[in-house]
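Data block for start19.tsv (TSV, C-alpha atoms):
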chain	number	residue	atom	x	y	z
A	14	MET	CA	123.39	50.67	-39.98
A	15	ALA	CA	125.30	48.59	-42.56
A	16	ASN	CA	126.00	45.95	-39.89
A	17	TYR	CA	122.34	45.85	-38.88
A	18	LYS	CA	121.33	45.34	-42.51
A	19	SER	CA	124.04	42.74	-42.91
A	20	ASN	CA	122.78	40.82	-39.89
A	21	LYS	CA	119.28	41.12	-41.26
A	22	LEU	CA	120.46	39.58	-44.54
A	23	ILE	CA	122.14	36.70	-42.73
A	24	ALA	CA	118.94	36.11	-40.75
A	25	LEU	CA	116.97	36.21	-43.99
A	26	LEU	CA	119.30	33.74	-45.67
A	27	PHE	CA	119.08	31.31	-42.77
A	28	THR	CA	115.30	31.65	-42.71
A	29	ALA	CA	115.21	30.87	-46.41
A	30	LEU	CA	117.45	27.86	-45.83
A	31	PHE	CA	115.23	26.68	-42.97
A	32	ILE	CA	112.02	27.09	-44.96
A	33	THR	CA	113.51	25.29	-47.95
A	34	ALA	CA	114.83	22.50	-45.74
A	35	CYS	CA	111.39	22.09	-44.15
A	36	SER	CA	109.65	22.06	-47.51
A	37	GLU	CA	112.12	19.46	-48.75
A	38	SER	CA	111.31	17.15	-45.86
A	39	GLY	CA	107.86	16.76	-47.45
A	40	ASN	CA	109.51	15.03	-50.40
A	41	ASP	CA	110.81	12.17	-48.26
A	42	ALA	CA	107.59	10.23	-48.73
A	43	ALA	CA	107.87	10.64	-52.46
A	44	VAL	CA	111.50	9.51	-52.30
A	45	SER	CA	110.51	6.27	-50.67
A	46	ALA	CA	107.46	5.80	-52.93
A	47	ASP	CA	109.26	6.38	-56.23
A	48	PRO	CA	112.89	7.30	-55.59
A	49	GLU	CA	113.80	7.68	-59.26
A	50	ALA	CA	110.92	10.07	-60.02
A	51	ALA	CA	111.52	12.07	-56.83
A	52	LEU	CA	115.20	12.42	-57.70
A	53	LYS	CA	114.34	13.55	-61.21
A	54	GLN	CA	111.91	16.12	-59.81
A	55	LEU	CA	114.48	17.40	-57.31
A	56	MET	CA	117.13	17.73	-60.04
A	57	HIS	CA	114.62	19.68	-62.14
A	58	GLU	CA	113.85	22.01	-59.22
A	59	ALA	CA	117.56	22.50	-58.52
A	60	LYS	CA	118.24	23.39	-62.17
A	61	GLU	CA	115.28	25.76	-62.27
A	62	ALA	CA	116.50	27.55	-59.14
A	63	GLN	CA	120.01	27.72	-60.61
A	64	ALA	CA	118.65	29.24	-63.84
A	65	HIS	CA	116.76	31.85	-61.82
A	66	ALA	CA	119.89	32.81	-59.86
A	67	HIS	CA	121.89	32.92	-63.09
A	68	GLN	CA	119.32	35.12	-64.80
A	69	LEU	CA	119.62	37.59	-61.93
A	70	GLY	CA	123.43	37.51	-62.23
A	71	PHE	CA	123.87	36.01	-58.77
A	72	GLU	CA	124.65	32.34	-59.39
A	73	TRP	CA	127.24	30.99	-56.99
A	74	SER	CA	130.40	29.57	-58.50
A	75	ASN	CA	130.15	26.00	-57.26
A	76	THR	CA	126.45	25.30	-57.89
A	77	GLN	CA	127.10	23.74	-61.29
A	78	SER	CA	129.81	21.43	-59.96
A	79	ILE	CA	127.47	20.26	-57.17
A	80	LEU	CA	124.82	19.47	-59.78
A	81	ASP	CA	127.42	17.64	-61.88
A	82	GLU	CA	128.47	15.60	-58.86
A	83	GLY	CA	124.81	14.83	-58.17
A	84	GLN	CA	124.31	13.58	-61.71
A	85	ALA	CA	127.44	11.44	-61.47
A	86	ALA	CA	126.17	9.95	-58.21
A	87	GLN	CA	122.75	9.29	-59.77
A	88	LYS	CA	124.38	7.57	-62.72
A	89	ALA	CA	126.43	5.43	-60.33
A	90	GLY	CA	123.21	4.42	-58.54
A	91	ASP	CA	123.98	6.29	-55.32
A	92	HIS	CA	120.58	7.91	-54.96
A	93	ALA	CA	121.07	9.10	-51.38
A	94	LYS	CA	124.20	11.01	-52.35
A	95	ALA	CA	122.55	12.40	-55.49
A	96	HIS	CA	119.54	13.53	-53.45
A	97	ALA	CA	121.75	15.34	-50.93
A	98	LEU	CA	123.72	17.06	-53.68
A	99	TYR	CA	120.67	18.18	-55.65
A	100	GLN	CA	119.17	19.52	-52.46
A	101	GLU	CA	122.37	21.44	-51.70
A	102	ALA	CA	122.45	22.90	-55.22
A	103	LYS	CA	118.82	23.95	-54.87
A	104	HIS	CA	119.42	25.54	-51.46
A	105	GLN	CA	122.39	27.47	-52.81
A	106	SER	CA	120.32	28.87	-55.65
A	107	VAL	CA	117.41	29.79	-53.39
A	108	LEU	CA	119.88	31.71	-51.21
A	109	ALA	CA	121.46	33.33	-54.28
A	110	VAL	CA	118.04	34.58	-55.41
A	111	GLU	CA	117.37	35.95	-51.90
A	112	GLN	CA	120.78	37.62	-52.06
A	113	ALA	CA	119.93	39.18	-55.44
A	114	ASN	CA	116.65	40.55	-54.10
A	115	TYR	CA	118.37	41.94	-51.04
A	116	ALA	CA	121.17	43.49	-53.11
A	117	ASN	CA	118.65	45.09	-55.44
A	118	GLU	CA	116.97	46.81	-52.50
A	119	HIS	CA	119.97	47.64	-50.34
A	120	TRP	CA	123.10	47.98	-52.51
A	121	GLN	CA	123.37	51.68	-51.70
A	122	LEU	CA	124.15	50.88	-48.06
A	123	LEU	CA	127.78	50.27	-49.07
A	124	VAL	CA	128.16	53.53	-51.02
A	125	PRO	CA	130.38	55.93	-49.05
A	126	GLY	CA	128.49	58.89	-47.69
A	127	LYS	CA	125.14	57.05	-47.67
B	14	MET	CA	90.21	65.95	-44.93
B	15	LYS	CA	89.52	67.04	-48.50
B	16	ALA	CA	92.88	68.81	-48.59
B	17	ILE	CA	94.67	65.66	-47.44
B	18	THR	CA	92.93	63.65	-50.16
B	19	TYR	CA	93.95	66.18	-52.85
B	20	LEU	CA	97.48	66.25	-51.50
B	21	SER	CA	97.65	62.44	-51.53
B	22	LEU	CA	96.36	62.35	-55.11
B	23	ALA	CA	98.84	65.03	-56.13
B	24	LEU	CA	101.72	63.06	-54.57
B	25	LEU	CA	100.56	59.86	-56.25
B	26	GLY	CA	100.36	61.68	-59.57
B	27	ALA	CA	103.82	63.13	-59.11
B	28	GLY	CA	105.14	59.64	-58.36
B	29	ALA	CA	103.52	58.15	-61.43
B	30	PHE	CA	104.97	60.76	-63.77
B	31	ALA	CA	108.27	61.39	-61.99
B	32	ALA	CA	111.25	61.48	-64.32
B	33	PRO	CA	113.81	58.70	-63.72
B	34	THR	CA	116.58	59.77	-61.40
B	35	TYR	CA	120.03	59.54	-62.90
B	36	ALA	CA	123.39	59.17	-61.28
B	37	ASP	CA	125.64	62.14	-60.72
B	38	PRO	CA	129.10	60.82	-61.66
B	39	LYS	CA	130.91	64.04	-60.75
B	40	ALA	CA	129.38	64.10	-57.26
B	41	ASP	CA	130.18	60.39	-56.88
B	42	ASN	CA	133.84	61.10	-57.59
B	43	GLU	CA	134.02	63.94	-55.11
B	44	VAL	CA	132.59	61.70	-52.38
B	45	MET	CA	134.87	58.80	-53.30
B	46	HIS	CA	138.02	60.91	-53.51
B	47	GLU	CA	137.25	62.52	-50.14
B	48	PHE	CA	136.59	59.10	-48.64
B	49	PHE	CA	140.03	57.81	-49.65
B	50	LYS	CA	141.82	61.05	-48.75
B	51	LYS	CA	140.40	60.73	-45.23
B	52	ARG	CA	141.21	57.04	-45.04
B	53	PHE	CA	144.80	57.55	-46.21
B	54	PRO	CA	145.64	61.12	-45.12
B	55	ASN	CA	149.37	60.68	-45.76
B	56	VAL	CA	148.97	59.51	-49.35
B	57	GLU	CA	149.25	62.13	-52.08
B	58	PHE	CA	146.38	61.93	-54.54
B	59	ALA	CA	148.51	60.93	-57.58
B	60	GLU	CA	150.03	58.08	-55.53
B	61	PHE	CA	146.70	56.23	-55.53
B	62	SER	CA	147.70	55.05	-59.02
B	63	ASN	CA	150.24	52.84	-57.25
B	64	GLY	CA	147.73	50.84	-55.21
B	65	VAL	CA	149.02	49.35	-51.97
B	66	TYR	CA	152.53	50.56	-52.82
B	67	ALA	CA	151.31	54.06	-52.04
B	68	PHE	CA	151.10	53.31	-48.30
B	69	ASP	CA	152.89	50.04	-47.52
B	70	GLU	CA	156.61	50.76	-47.26
B	71	ASN	CA	157.82	47.13	-47.34
B	72	ALA	CA	155.70	46.24	-50.34
B	73	ARG	CA	156.77	49.45	-52.07
B	74	GLU	CA	160.47	48.68	-51.69
B	75	GLN	CA	160.04	45.22	-53.20
B	76	TRP	CA	157.88	46.61	-55.99
B	77	LEU	CA	160.42	49.31	-56.88
B	78	GLU	CA	163.14	46.66	-57.11
B	79	ILE	CA	160.91	44.57	-59.37
B	80	GLU	CA	160.25	47.60	-61.56
B	81	ASP	CA	164.01	47.78	-62.31
B	82	PHE	CA	163.45	44.73	-64.52
B	83	PRO	CA	159.71	44.84	-65.17
B	84	PRO	CA	158.13	41.41	-65.68
B	85	TYR	CA	155.79	42.86	-68.33
B	86	GLU	CA	158.54	44.27	-70.55
B	87	ASP	CA	158.56	41.44	-73.11
B	88	ALA	CA	154.76	41.46	-73.31
B	89	VAL	CA	154.71	45.20	-74.01
B	90	GLU	CA	157.31	44.76	-76.79
B	91	HIS	CA	155.22	41.94	-78.20
B	92	GLY	CA	152.16	44.20	-77.99
B	93	GLN	CA	153.96	46.93	-79.89
B	94	THR	CA	154.94	44.48	-82.64
B	95	LEU	CA	151.34	43.27	-82.93
B	96	PHE	CA	150.06	46.85	-82.92
B	97	GLU	CA	152.40	47.90	-85.72
B	98	THR	CA	151.93	44.79	-87.88
B	99	PRO	CA	149.42	45.50	-90.68
B	100	PHE	CA	146.34	43.29	-91.06
B	101	ALA	CA	145.99	41.09	-94.16
B	102	ASN	CA	144.07	43.94	-95.86
B	103	GLY	CA	146.99	46.32	-95.38
B	104	LYS	CA	145.29	48.42	-92.71
B	105	SER	CA	146.33	48.49	-89.05
B	106	TYR	CA	145.12	49.32	-85.54
B	107	ALA	CA	146.24	52.90	-86.10
B	108	ASP	CA	143.51	53.25	-88.75
B	109	CYS	CA	140.76	52.39	-86.24
B	110	PHE	CA	141.58	54.83	-83.44
B	111	GLU	CA	141.86	58.56	-83.04
B	112	ASN	CA	145.46	59.80	-82.93
B	113	GLY	CA	146.59	56.54	-84.53
B	114	GLY	CA	145.79	54.67	-81.32
B	115	LEU	CA	148.55	56.42	-79.37
B	116	ASN	CA	148.01	58.41	-76.19
B	117	ILE	CA	144.32	57.52	-75.92
B	118	ARG	CA	144.17	55.08	-72.97
B	119	GLN	CA	143.16	57.80	-70.52
B	120	GLY	CA	139.77	58.24	-72.23
B	121	TYR	CA	138.70	54.56	-72.03
B	122	PRO	CA	136.15	53.11	-71.49
B	123	LYS	CA	134.03	55.37	-73.68
B	124	PHE	CA	130.30	55.53	-74.20
B	125	ASP	CA	129.31	54.98	-77.82
B	126	ALA	CA	126.09	56.90	-78.47
B	127	ASP	CA	125.39	55.02	-81.73
B	128	SER	CA	125.33	51.57	-80.15
B	129	GLY	CA	124.22	52.83	-76.72
B	130	GLN	CA	127.00	50.72	-75.18
B	131	VAL	CA	130.17	51.16	-73.18
B	132	VAL	CA	133.26	50.43	-75.28
B	133	THR	CA	136.39	49.34	-73.45
B	134	LEU	CA	139.82	49.55	-75.05
B	135	GLU	CA	140.01	45.76	-75.42
B	136	LEU	CA	136.57	45.65	-77.05
B	137	ALA	CA	137.64	48.44	-79.45
B	138	ILE	CA	140.81	46.48	-80.32
B	139	ASN	CA	138.73	43.45	-81.24
B	140	GLU	CA	136.15	45.55	-83.11
B	141	CYS	CA	139.06	46.96	-85.12
B	142	ARG	CA	140.26	43.45	-85.93
B	143	THR	CA	136.88	42.11	-87.03
B	144	ALA	CA	136.15	45.28	-89.07
B	145	ASN	CA	139.37	44.50	-90.96
B	146	GLY	CA	138.64	40.84	-91.58
B	147	GLU	CA	140.72	39.47	-88.68
B	148	GLU	CA	139.50	37.11	-85.98
B	149	ALA	CA	138.74	38.57	-82.56
B	150	LEU	CA	141.34	37.74	-79.90
B	151	PRO	CA	140.36	35.89	-76.73
B	152	TYR	CA	139.84	38.34	-73.85
B	153	GLY	CA	141.61	38.45	-70.51
B	154	ARG	CA	145.25	37.75	-71.24
B	155	GLY	CA	147.64	37.00	-74.09
B	156	ASP	CA	147.78	39.14	-77.23
B	157	ILE	CA	144.82	41.36	-76.33
B	158	ALA	CA	146.43	42.27	-72.99
B	159	ALA	CA	149.78	42.85	-74.72
B	160	ILE	CA	148.32	45.24	-77.32
B	161	SER	CA	146.30	47.07	-74.67
B	162	ALA	CA	149.39	47.31	-72.42
B	163	TYR	CA	151.47	48.77	-75.24
B	164	MET	CA	148.74	51.33	-75.92
B	165	ALA	CA	148.69	52.17	-72.20
B	166	THR	CA	152.45	52.89	-72.23
B	167	THR	CA	151.86	55.56	-74.88
B	168	SER	CA	149.59	57.32	-72.38
B	169	ALA	CA	152.03	57.17	-69.46
B	170	GLY	CA	151.49	60.14	-67.15
B	171	GLU	CA	148.35	61.34	-68.92
B	172	ILE	CA	145.43	62.08	-66.63
B	173	ILE	CA	142.49	59.66	-66.64
B	174	ASN	CA	139.45	61.38	-68.09
B	175	VAL	CA	136.58	58.94	-68.56
B	176	VAL	CA	133.55	60.88	-69.75
B	177	VAL	CA	129.97	60.04	-68.84
B	178	PRO	CA	127.87	62.21	-71.15
B	179	SER	CA	124.46	63.42	-70.05
B	180	ASP	CA	122.85	60.81	-72.27
B	181	PRO	CA	120.27	58.72	-70.37
B	182	LYS	CA	121.76	55.51	-71.78
B	183	ALA	CA	125.29	56.50	-70.69
B	184	LEU	CA	124.05	57.41	-67.23
B	185	ALA	CA	122.11	54.15	-67.01
B	186	ALA	CA	125.26	52.18	-67.96
B	187	TYR	CA	127.28	54.07	-65.35
B	188	GLU	CA	124.59	53.46	-62.73
B	189	ALA	CA	124.44	49.75	-63.59
B	190	GLY	CA	128.21	49.51	-63.15
B	191	LYS	CA	128.00	51.36	-59.86
B	192	LYS	CA	125.27	49.03	-58.62
B	193	LEU	CA	127.35	45.98	-59.54
B	194	PHE	CA	130.29	47.43	-57.62
B	195	TYR	CA	128.27	47.67	-54.41
B	196	GLU	CA	126.15	44.50	-54.62
B	197	ARG	CA	127.12	41.69	-52.29
B	198	ARG	CA	127.30	38.42	-54.20
B	199	GLY	CA	128.64	34.89	-54.05
B	200	GLN	CA	128.69	32.38	-51.24
B	201	LEU	CA	130.87	34.75	-49.18
B	202	ASN	CA	128.33	37.57	-49.61
B	203	MET	CA	130.88	40.24	-50.54
B	204	ALA	CA	130.81	43.24	-52.88
B	205	CYS	CA	133.77	44.83	-54.70
B	206	ALA	CA	133.34	47.67	-52.20
B	207	THR	CA	133.57	45.35	-49.19
B	208	CYS	CA	137.28	44.80	-49.83
B	209	HIS	CA	138.35	47.75	-51.97
B	210	VAL	CA	136.46	50.59	-50.27
B	211	HIS	CA	135.53	49.70	-46.70
B	212	SER	CA	138.47	47.37	-46.00
B	213	ALA	CA	141.09	49.03	-48.24
B	214	GLY	CA	144.45	48.99	-46.49
B	215	GLY	CA	143.38	46.09	-44.30
B	216	GLN	CA	144.68	42.56	-44.64
B	217	ILE	CA	143.10	39.50	-46.14
B	218	ARG	CA	145.30	36.55	-45.28
B	219	ALA	CA	148.82	37.67	-46.26
B	220	ASP	CA	147.67	40.33	-48.72
B	221	ILE	CA	146.90	44.00	-48.24
B	222	LEU	CA	143.66	45.12	-49.85
B	223	SER	CA	144.13	47.83	-52.46
B	224	PRO	CA	141.93	50.92	-52.68
B	225	ALA	CA	139.48	50.97	-55.60
B	226	LEU	CA	140.66	54.48	-56.36
B	227	GLY	CA	143.55	54.04	-58.81
B	228	HIS	CA	142.83	50.42	-59.71
B	229	THR	CA	142.25	51.00	-63.40
B	230	THR	CA	145.24	53.31	-63.96
B	231	HIS	CA	147.74	50.45	-64.08
B	232	PHE	CA	145.89	47.79	-66.08
B	233	PRO	CA	146.61	45.63	-67.94
B	234	ALA	CA	148.86	44.52	-65.11
B	235	TYR	CA	151.36	41.70	-64.69
B	236	ARG	CA	150.01	39.54	-61.88
B	237	PHE	CA	152.48	37.33	-60.08
B	238	ALA	CA	149.62	35.08	-59.00
B	239	VAL	CA	149.05	33.99	-62.61
B	240	GLU	CA	152.51	34.96	-63.97
B	241	ASP	CA	150.93	36.83	-66.84
B	242	LEU	CA	149.76	40.19	-68.04
B	243	VAL	CA	145.99	40.40	-67.52
B	244	THR	CA	143.21	42.89	-68.23
B	245	ILE	CA	141.10	44.52	-65.52
B	246	GLN	CA	138.15	42.31	-66.46
B	247	HIS	CA	140.28	39.20	-65.95
B	248	ARG	CA	140.77	40.52	-62.42
B	249	TYR	CA	137.02	41.12	-61.99
B	250	ALA	CA	136.37	37.49	-62.86
B	251	GLY	CA	139.10	36.43	-60.41
B	252	CYS	CA	137.59	38.52	-57.60
B	253	ASN	CA	134.12	37.12	-58.31
B	254	LYS	CA	135.49	33.58	-58.14
B	255	GLN	CA	137.23	34.38	-54.85
B	256	VAL	CA	133.91	35.30	-53.24
B	257	ARG	CA	132.43	32.18	-54.90
B	258	ALA	CA	130.20	34.03	-57.33
B	259	LYS	CA	129.96	32.81	-60.92
B	260	PRO	CA	131.81	35.43	-62.96
B	261	PHE	CA	130.23	37.20	-65.92
B	262	GLU	CA	131.69	36.73	-69.40
B	263	LEU	CA	134.65	39.00	-70.12
B	264	GLN	CA	133.45	42.05	-72.05
B	265	SER	CA	129.84	41.26	-71.11
B	266	GLU	CA	127.62	44.29	-70.67
B	267	GLU	CA	127.85	43.81	-66.90
B	268	TYR	CA	131.66	43.95	-66.78
B	269	ARG	CA	131.88	46.79	-69.33
B	270	ASN	CA	129.49	48.86	-67.21
B	271	LEU	CA	131.46	47.96	-64.09
B	272	GLU	CA	134.70	49.04	-65.77
B	273	TYR	CA	133.02	52.29	-66.81
B	274	TYR	CA	132.10	53.15	-63.21
B	275	HIS	CA	135.40	51.85	-61.83
B	276	ALA	CA	137.55	53.77	-64.34
B	277	HIS	CA	135.53	56.98	-63.96
B	278	MET	CA	136.23	56.83	-60.23
B	279	SER	CA	139.95	57.32	-61.02
B	280	ASN	CA	139.46	60.47	-63.09
B	281	GLY	CA	142.26	62.88	-62.24
B	282	LEU	CA	144.89	60.20	-61.61
B	283	PRO	CA	147.80	59.54	-64.00
B	284	VAL	CA	147.93	56.50	-66.28
B	285	ASN	CA	150.79	54.21	-65.19
B	286	GLY	CA	150.02	50.92	-66.91
B	287	PRO	CA	151.07	48.30	-67.17
B	288	GLY	CA	151.80	47.75	-63.51
B	289	SER	CA	152.96	44.69	-61.62
B	290	ARG	CA	150.83	43.38	-58.80
B	291	LYS	CA	150.52	40.32	-56.58
Here is a file; write its structure as structure tokens.
Amino acid sequence: MANYKSNKLIALLFTALFITACSESGNDAAVSADPEAALKQLMHEAKEAQAHAHQLGFEWSNTQSILDEGQAAQKAGDHAKAHALYQEAKHQSVLAVEQANYANEHWQLLVPGK
Amino acid sequence: MKAITYLSLALLGAGAFAAPTYADPKADNEVMHEFFKKRFPNVEFAEFSNGVYAFDENAREQWLEIEDFPPYEDAVEHGQTLFETPFANGKSYADCFENGGLNIRQGYPKFDADSGQVVTLELAINECRTANGEEALPYGRGDIAAISAYMATTSAGEIINVVVPSDPKALAAYEAGKKLFYERRGQLNMACATCHVHSAGGQIRADILSPALGHTTHFPAYRFAVEDLVTIQHRYAGCNKQVRAKPFELQSEEYRNLEYYHAHMSNGLPVNGPGSRK
């Protein structure tokens, strides 16, 4: 039962990743139209997602360093790298929030005797 | 049809006004102790205080040799000196604790009904300091671990007896700690229980995973990985980092509740801190 639920979580996480990736592809036009504004927006979304994961107590340990790297890349003018890093940070946080929601519903599956 | 409608309404009403369900710590312990007794049938109950050394012969031999010249000895002596040195106002740690602070480790963490919070021994040490005009010590390692380790030695062999009173706030804190223990988190999607309940005795790289039962009996512990005496919450943060989850602050409500649940699980085992561990 635990394995089934675990597989279900993995499937859920990948679905979330897929959906987020697809929704991000819609930003490509904005990137080419106004790369600076699009990057700023993406960074904002990544930080918002991170704050949500943090508030739930499920932030992943390397999200902040990915954001820091993204900001360093942006400062250095490497917008493509910054974009990729912000997107990764955002994806991580979306997955962390999904993980928190799953844990909230299913944590008892790991309790012995359940 | 009418009867079904009334029944449905009655059930809805019962749901709306149902009292919150609280944890049953005693039943939890019975289940957990049985789980580990079945998993390690050749290990005597009291031996769970010794972690992996209770069932891994090679590791036990090395550990016993190390214990001939314990790596935490100097830290414990330092802790005793700190414990016995009066504060600037002339008072000391002994004035803050029952029984002068000696032979009390087995009852921590405690639930403080006035504040509605779980109080760990390290938190109580710092509360004692600040109440006497001293600065709080940094948590995790260093002087706070040394004082706590010295206090643990005065409880050697005493039986862990962490009490969860039937106060809704105490039960809620216990339940929150329990939930944290079983929640998968971090990039590796692992819970405390993944390693220390369901995989206890198994291997992770070159290390054998210790059972959760007995963990808190030997903390603060000297950890060879960091070459220092550390508190249990320092270890929580380390475990969280290992599964790539951002750790909580030491002595945060989350970690205090976790320690409450974790320590209560070891009720009935003897105190044997400080220990030495990989």
(Q) Could you tell me which residues of chain B sit within 8 Å of chain A when counting only C-alpha atoms, and give me the result as a list in words? (A)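 Residues satisfying the distance criterion: Val44, Met45, Phe48, Lys192, Tyr195, Glu196, Arg197, Arg198, Gly199, Gln200, Asn202, Ala206, Thr207, Lys254, Arg257, Ala258, Lys259, Pro260 and Phe261 of chain B.
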(Q) Applying 12 Å and all atoms listed in the file, which residues near Glu266 of chain B remain after dropping the ones on its own chain fewer than 2 positions away? List them as number ranges by chain. (A) A: 70; B: 129-133, 136, 185-187, 189-190, 193, 246, 261-264, 268-273
Q) Which is closer to Ala95 of chain A than all the others in A:Val110, A:Ala64, A:Leu69, A:Met56, using all atoms listed in the file? A)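 Nearest candidate to Ala95 of chain A out of A:Val110, A:Ala64, A:Leu69, A:Met56: A:Met56.
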Q) With all atoms listed in the file as the basis for distance, which of B:Ile221, B:Ala88, B:Val65, B:Met278 is at the shortest distance from Arg154 of chain B? A) B:Ala88
May I have a table of the residues of segment 207-291 of chain B lying at most 6 Å from segment 156-168 of chain B, giving each one's closest pair of atoms and their distance in Å to one decimal, counting all atoms listed in the file, ordered by chain and ascending residue number, as CSV?
residue,atom,partner,partner_atom,distance
B:Pro233,CA,B:Ala162,CA,5.5
B:Val243,CA,B:Ala158,CA,5.8
B:Thr244,CA,B:Ala158,CA,5.8
B:Gly286,CA,B:Ala165,CA,5.6
B:Pro287,CA,B:Ala162,CA,5.6
Padded axis-aligned box of segment 61-68 of chain B (8 Å per side), centre and edge lengths, Å, one decimal, as AutoDock Vina command-line options:
--center_x 149.6 --center_y 52.8 --center_z -53.7 --size_x 21.8 --size_y 22.9 --size_z 26.7
Q.
Need to verify the contact set: Pro84 of chain B, 9 Å, all atoms listed in the file, exclusion of same-chain residues closer than 3 positions in sequence. Can you return it as a list in words?
A.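 The filter keeps Ile79, Glu80, Asp87, Ala88, Tyr235, Phe237, Glu240, Asp241, Leu242 and Ser289 of chain B.
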Q: For Gln63 of chain A, work out the shell of residues within 7 Å, counting all atoms listed in the file and skipping chain neighbours fewer than 2 positions away, then give it as a list in words.
A: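 Those residues are Ala59, Lys60, Glu61, His65, Ala66, His67, Glu72, Lys103 and Ser106 of chain A.
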Keeping only C-alpha atoms, write the selected residues as a tab-separated table (two decimals), keeping the file's coordinate frame.
chain	number	residue	atom	x	y	z
A	59	ALA	CA	117.56	22.50	-58.52
A	60	LYS	CA	118.24	23.39	-62.17
A	61	GLU	CA	115.28	25.76	-62.27
A	65	HIS	CA	116.76	31.85	-61.82
A	66	ALA	CA	119.89	32.81	-59.86
A	67	HIS	CA	121.89	32.92	-63.09
A	72	GLU	CA	124.65	32.34	-59.39
A	103	LYS	CA	118.82	23.95	-54.87
A	106	SER	CA	120.32	28.87	-55.65
